[in-house]
Amino acid sequence: MDERQFNEIFAIMKSSFPDSEMRTYAGQQALLSNPYYHLITQMDDNENIIAFLAAWEFPLFRFVEHIAVNPTIRGGGIGGKLVNAYIGESQKPVLLEVEPPVIELAQRRVGFYERLGFHLNFFEYVQPPLQEGQEDLSLNIMSYPQALTESEFGLYKGTLYTEVYQVPERNRL
C-alpha cells in the first residue's frame with residue numbers, strides 16, 4: 001500500500017470515527033506490517049479509495065475493526081456490500097464492536113449489522129484505549145453467523161486483547 005492510499009484511508013477513518021475509536025496516524029500505519037491485519041478497499045472510477053474495511057484474520061475467527069465509507073457518498077449501499085462480501089467468503093465466525101444500543105445512532109448501527117446477519121452479544125466488554133491518555137470504552141460484540149457462547153466470547157476476547165489491543169494478560173479486565 002502506498003502513502004497516498006494510506007492517507008485516503010486515514011482521512012475516511014478520521015471523518016468516520018471519534019478519536020477514542022482509532023489509533024494515531026503512526027499507530028494505524030504500524031499495523032500494516034502486522035500479518036493478522038488486512039485492509040480491503042473500494043475504489044471509484046478514478047482509482048480513489050471511497051470505502052474500506054479493516055480486519056484481523058485469526059486462526060479461529062475474523063475481527064472487523066473498522067468499516068467506513070467516504071462521508072460524501074454514505075447511504076448508497078457500499079458499506080453493506082463490503083461487509084457482505086467479507087462475511088460471504090468467510091469460513092470462520094466474524095466479530096465486530098458496536099456502541100451499546102442506548103442512543104438512536106447506536107441503535108441504527110446495530111440494526112444495520114443485524115440486517116446483514118450479525119447477532120448482538122451482551123457479555124461485558126470494553127475496548128482498551130487505542131491512544132495514550134484515553135479511557136476504556138464500553139462496547140458490545142456482534143458476531144456472525146450466530147450469537148456467541150460465553151466460552152467462545154472469552155476465548156475471542158482474549159485474542160482481541162492480546163493481538164489487537166496489546167493488553168498484557170495480567171492487565172485484562
# chains A, B, ... in the order shown; residues from 1 in each chain; ligands from 1
$ select_by_dssp --residues "chain A" --states "alpha helix (DSSP H)" --output "ChimeraX atom specification"
/A:3-16,25-30,78-88,104-115,150-159
$ residues_around --residues "stretch 73-79 of chain A" --least-positions-apart "6" --cutoff "9 Å" --atoms "only C-alpha atoms" --output "compact mmCIF listing (two decimals) with C-alpha atoms, in the first residue's frame"
# COMPACT_ATOMS: atom_id res chain seq x y z
CA GLN A 42 -13.37 0.01 -2.62
CA ILE A 50 -14.08 5.60 -1.29
CA ALA A 51 -14.52 2.92 1.38
CA PHE A 52 -12.51 0.43 3.38
CA LEU A 53 -12.84 -2.49 5.73
CA ILE A 67 -15.53 -0.15 8.20
$ atom_distance --atom1 "atom CA of A:Ala54" --atom2 "atom CA of A:Tyr37"
7.3 Å
$ select_by_dssp --residues "stretch 83-137 of chain A" --states "strand (DSSP E or B)" --output "list in words"
Val94, Leu95, Leu96, Glu97, Val98, His119, Leu120, Asn121, Val126, Gln127 and Leu137 of chain A
$ closest_residue --among "A:Gly27, A:Gly117, A:Pro128, A:Pro35" --to "A:Phe58" --atoms "only C-alpha atoms"
A:Pro35
$ residues_around --residues "A:Glu47" --least-positions-apart "4" --cutoff "12 Å" --atoms "only C-alpha atoms" --output "list of chain:residue names"
A:Arg4, A:Gln5, A:Glu8, A:Thr41, A:Gln42, A:Met43, A:Ala51
$ write_last_selection --atoms "N, CA, C and O atoms" --output "mmCIF file, in the first residue's frame"
data_model
loop_
_atom_site.group_PDB
_atom_site.id
_atom_site.type_symbol
_atom_site.label_atom_id
_atom_site.label_comp_id
_atom_site.auth_asym_id
_atom_site.auth_seq_id
_atom_site.Cartn_x
_atom_site.Cartn_y
_atom_site.Cartn_z
ATOM 1 N N ARG A 4 -0.158 7.463 -0.544
ATOM 2 C CA ARG A 4 -1.395 8.123 -0.977
ATOM 3 C C ARG A 4 -2.621 7.306 -0.583
ATOM 4 O O ARG A 4 -3.592 7.829 -0.047
ATOM 5 N N GLN A 5 -2.563 5.991 -0.814
ATOM 6 C CA GLN A 5 -3.685 5.130 -0.459
ATOM 7 C C GLN A 5 -3.916 5.116 1.048
ATOM 8 O O GLN A 5 -5.053 5.195 1.510
ATOM 9 N N GLU A 8 -5.590 8.293 2.101
ATOM 10 C CA GLU A 8 -7.022 8.299 1.757
ATOM 11 C C GLU A 8 -7.821 7.501 2.785
ATOM 12 O O GLU A 8 -8.877 7.942 3.238
ATOM 13 N N THR A 41 -10.255 -2.446 0.249
ATOM 14 C CA THR A 41 -10.701 -1.130 -0.193
ATOM 15 C C THR A 41 -11.676 -1.222 -1.353
ATOM 16 O O THR A 41 -11.687 -2.194 -2.108
ATOM 17 N N GLN A 42 -12.479 -0.184 -1.475
ATOM 18 C CA GLN A 42 -13.373 0.007 -2.618
ATOM 19 C C GLN A 42 -12.945 1.299 -3.296
ATOM 20 O O GLN A 42 -12.819 2.332 -2.639
ATOM 21 N N MET A 43 -12.711 1.219 -4.599
ATOM 22 C CA MET A 43 -12.239 2.382 -5.359
ATOM 23 C C MET A 43 -13.363 2.933 -6.244
ATOM 24 O O MET A 43 -14.253 2.197 -6.647
ATOM 25 N N ALA A 51 -14.089 3.691 0.212
ATOM 26 C CA ALA A 51 -14.525 2.922 1.376
ATOM 27 C C ALA A 51 -13.442 1.897 1.713
ATOM 28 O O ALA A 51 -12.642 1.525 0.858
#
